[in-house]
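Participant: This is the structure I have questions about; it appears just below.
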Amino acid sequence: MRFKLLASGVGTILLLFPFSLLLPFITGLVYREPVLELSMAYLLPALFSFFIGLLLTAYGGRADRVAQDMRHVEALAVVALTWIIVAVIGSLPFMVINTLPNFVDAFFESMSGFTTTGSSVIVEIDGLPRSILLWRALTQWLGGLGIIVLMVAIFSMLLGGTKAGRLLMKGEVPGFASEKMVPRIRDTAKILWGIYGMITVLQIVLLVLLGVSLYDSVCHTFTTLSTGGYGTHTESIGYFKTYAWAPVIELVFVVFMILGSVNFLLHYNFLKGNFRSYFRDAEFKVYIFILLTLWSIVALDLAINNIYAPVEAVRASIFNVTSIYSTCGYATEDFNQWPPLSRFIMIVAMLMGGMTGSTSGAIKTARFIIAFKAVSRSLRRIGHPRSLLSIRVGKVIFSDDIARGVGVFIFAYLSMFIFSSFIMTLVGLDLISAISSVATTMGGVGPGLGMVGPSLNFGSINVPGKLILSFLMWFGRLELITGIVLFLPSSYRS
């Protein structure tokens with residue numbers, strides 16, 4: 001691994017990252033927050049990021065000269081390192097404004113934002129400065145399709161042209177390796193962010209028309225499409241229950257959470273005029289089928305146990321199951337108090353996640369489909385050992401190498417989940433809290449069960465536990481392998 005190339009790649013990103021800190025600074029000025037505090041909270045971190053970027057690029061040299069033959073492992077390392085550094089810089093506003101004076105808490109909140117996890121250590125959200133709440137939301141919006149994708153759209157040529165840009169996209173966007181929208185990687189990244197921006201504007205407009213303030217509409221839109229789940233109120237989306245159009249507002253959130261958890265390639269095809277693209281996609285059909293099934297099971301369970309009236313049971317089930325399955329993490333109800341079956345369904349949903357090529361986290365629907373097909377083929381071969389059976393999903397035939405890779409990923413994911421749950425019990429969590437805290441942070445969901453339920457937060461977890469969960473967010477957002485690269489000695493050999 002060539003460290004000058006890594007320095008050049010990471011440094012170039014850090015040179016551009018400061019622009020993201022300008023929006024919360026301007027928001028603070030609009031809402032008349034102290035100028036000195038705003039400058040220290042946003043402008044100083046921006047200058048710090050720019051200075052570090054200058055140092056790294058000075059050491060690494062011009063990216064267009066050193067990155068022409070970027071290797072896969074080096075691209076993954078750039079993505080993994082950038083995510084950690086950006087989370088550290090993103091924690092500074094929380095500390096300066098004294099929202100979270102402890103670095104570990106601030107780092108947890110920042111990592112949770114950029115990884116679109118939505119787990120929080122802040123007890124009271126209402127009353128916080130508008131600029132810091134916008135910054136929380138913006139970290140998730142940027143992390144939704146990935147800071148790396150945004151940067152690739154701007155400077156892929158500086159990082160070695162098309163090849164390096166494509167490698168960075170593969171390290172950042174799950175499912176990107178299978179298909180691309182257009183031949184040029186910069187154009188692909190621009191299209192992704194164009195679609196992302198278009199849907200963002202649409203949700204903001206709809207929420208404003210339904211009576212939600214412009215500020216709340218922007219912040220919640222940033223965290224809906226990104227399937228992040230940070231809100232501007234302690235009650236999360238439950239805050240809007242008193243609004244005249246509350247059911248419609250919840251429906252808007254449900255629709256856009258689903259849009260965020262669907263492969264953006266399908267959105268692209270739809271916008272090109274292929275209106276049947278969704279229902280021709282095997283993964284989409286399975287995803288929607290599972291979602292409808294989970295809605296039905298939870299709604300029935302809540303109604304039978306008299307938790308809600310039938311209509312309210314359906315409403316609560318649709319919103320909260322969608323939120324967890326899409327890995328968004330909003331809540332309108334405290335599902336920590338639901339019957340055992342419904343809580344079990346919520347944990348399962350935390351592990352499953354949305355579609356590949358979406359903003360959601362966790363294992364993803366496509367991997368479960370391929371694993372199921374591979375197991376089915378193995379069972380069929382018992383009776384017909386010489387038969388040539390392929391793994392077909394829709395019109396796509398997957399090779400044995402892909403099937404093995406999916407199996408390895410699921411095994412690695414579940415192994416890390418089990419081991420990390422055990423570690424969390426050692427740092428003081430009860431079994432349910434430990435299991436759900438790991439499931440929700442690895443999957444990028446947000447709330448869990450037990451002491452990290454939707455009506456509570458992660459503030460009561462000790463420092464070692466918060467650090468463990470912070471890096472689980474990082475591993476989960478980067479699909480495990482991208483993060484593991486940094487810990488493999490073989491990666492550093494020439």
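Here's how to read the names in the structure tokens: chain A, B, ... by the order shown, residue numbers from 1 in each chain, ligand numbers from 1 in the order shown.
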Do a neighbour search on segment 246-248 of chain A at 9 Å with only C-alpha atoms, toss out local chain neighbours closer than 6 positions, and write the hits as number ranges by chain.

Facilitator: A: 210, 240, 315

Participant: Quick one: everything within 10 Å of Glu33 of chain A, counting only C-alpha atoms, minus sequence neighbours fewer than 6 positions away in the same chain. Send it as a tab-separated table (two decimals) with N, CA and C atoms, in the first residue's frame.

Facilitator:
chain	number	residue	atom	x	y	z
A	25	PHE	N	-23.26	27.25	9.88
A	25	PHE	CA	-22.78	28.57	10.30
A	25	PHE	C	-23.76	29.66	9.85
A	26	ILE	N	-24.19	29.59	8.60
A	26	ILE	CA	-25.14	30.57	8.07
A	26	ILE	C	-26.48	30.45	8.79
A	27	THR	N	-26.89	29.21	9.07
A	27	THR	CA	-28.15	28.99	9.81
A	27	THR	C	-28.09	29.64	11.19
A	129	PRO	N	-29.36	24.70	20.07
A	129	PRO	CA	-29.22	25.71	19.01
A	129	PRO	C	-29.62	25.15	17.65
A	130	ARG	N	-30.26	25.98	16.83
A	130	ARG	CA	-30.71	25.53	15.51
A	130	ARG	C	-29.53	25.08	14.64
A	131	SER	N	-28.40	25.75	14.80
A	131	SER	CA	-27.25	25.40	13.95
A	131	SER	C	-26.75	23.99	14.23

Participant: Rounded to one decimal, what separation in Å do you get between atom CA of Thr99 of chain A and atom CA of Ala80 of chain A?

Facilitator: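 Between these atoms lies a distance of 26.9 Å.
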
Participant: For Gly228 of chain A, which residue among A:Pro339, A:Gly113, A:Pro310, A:Gly483 is the nearest when counting only C-alpha atoms?

Facilitator: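 When distances to Gly228 of chain A are compared using only C-alpha atoms, the smallest one comes from A:Gly113.
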
Participant: Quick one: pick out all alpha helix (DSSP H) residues within segment 318-438 of chain A from a backbone DSSP run and write them as a PyMOL selection string.

Facilitator: chain A and resi 318-325+340-352+365-383+400-426+431-438

Participant: Find the residues near Phe17 of chain A: any atom within 8 Å, counting only C-alpha atoms, skip ones fewer than 2 places away on the same chain, and give them as a PyMOL selection string.

Facilitator: chain A and resi 13-15+19-21+46+49-50

Participant: Using the selection just defined, write its residues with N, CA and C atoms as a PDB file, in the first residue's frame.

Facilitator:
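What ended up in part06.pdb:
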ATOM      1  N   ILE A  13      -9.932  15.116  -0.159  1.00  0.00           N
ATOM      2  CA  ILE A  13     -11.285  15.132   0.404  1.00  0.00           C
ATOM      3  C   ILE A  13     -11.388  16.159   1.529  1.00  0.00           C
ATOM      4  N   LEU A  14     -10.371  16.208   2.396  1.00  0.00           N
ATOM      5  CA  LEU A  14     -10.399  17.135   3.523  1.00  0.00           C
ATOM      6  C   LEU A  14     -10.305  18.592   3.064  1.00  0.00           C
ATOM      7  N   LEU A  15      -9.749  18.816   1.896  1.00  0.00           N
ATOM      8  CA  LEU A  15      -9.721  20.181   1.359  1.00  0.00           C
ATOM      9  C   LEU A  15     -11.118  20.659   0.967  1.00  0.00           C
ATOM     10  N   PHE A  19     -16.536  23.014   3.171  1.00  0.00           N
ATOM     11  CA  PHE A  19     -17.721  23.678   2.613  1.00  0.00           C
ATOM     12  C   PHE A  19     -19.008  23.211   3.293  1.00  0.00           C
ATOM     13  N   SER A  20     -19.002  21.972   3.810  1.00  0.00           N
ATOM     14  CA  SER A  20     -20.207  21.456   4.464  1.00  0.00           C
ATOM     15  C   SER A  20     -20.489  22.171   5.781  1.00  0.00           C
ATOM     16  N   LEU A  21     -19.471  22.789   6.378  1.00  0.00           N
ATOM     17  CA  LEU A  21     -19.647  23.467   7.662  1.00  0.00           C
ATOM     18  C   LEU A  21     -20.199  24.883   7.511  1.00  0.00           C
ATOM     19  N   ALA A  46     -13.524  23.968  10.080  1.00  0.00           N
ATOM     20  CA  ALA A  46     -13.353  24.036   8.626  1.00  0.00           C
ATOM     21  C   ALA A  46     -11.912  24.361   8.273  1.00  0.00           C
ATOM     22  N   SER A  49      -9.736  21.296   9.020  1.00  0.00           N
ATOM     23  CA  SER A  49      -9.848  20.293   7.966  1.00  0.00           C
ATOM     24  C   SER A  49      -9.040  20.712   6.749  1.00  0.00           C
ATOM     25  N   PHE A  50      -9.140  21.986   6.384  1.00  0.00           N
ATOM     26  CA  PHE A  50      -8.413  22.490   5.219  1.00  0.00           C
ATOM     27  C   PHE A  50      -6.902  22.413   5.442  1.00  0.00           C
TER      28      PHE A  50
END

Participant: Compile the contact shell of Val438 of chain A as a PDB file with C-alpha atoms, in the first residue's frame: residues with an atom at most 8 Å away, counting only C-alpha atoms, same-chain residues fewer than 5 positions apart removed.

Facilitator:
ATOM      1  CA  PHE A 417     -22.727  -9.278  15.875  1.00  0.00           C
ATOM      2  CA  SER A 420     -19.787  -7.664  19.965  1.00  0.00           C
ATOM      3  CA  SER A 421     -23.007  -8.460  21.849  1.00  0.00           C
ATOM      4  CA  MET A 424     -21.312  -5.255  25.401  1.00  0.00           C
ATOM      5  CA  LEU A 469     -20.471   1.014  19.300  1.00  0.00           C
ATOM      6  CA  LEU A 472     -19.406  -0.848  14.948  1.00  0.00           C
TER       7      LEU A 472
END

Participant: Give the answer as one residue: which of A:Thr365, A:Thr139, A:Thr482, A:Asn305 has the shortest atom-to-atom distance to Leu341 of chain A, using only C-alpha atoms?

Facilitator: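 The shortest atom-to-atom distance to Leu341 of chain A comes from A:Asn305.
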
Participant: Please compute the atom CA of Ile204 of chain A-atom CA of Leu271 of chain A distance, one decimal, in Å.

Facilitator: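 Interatomic distance, atom CA of Ile204 of chain A to atom CA of Leu271 of chain A: 19.4 Å.
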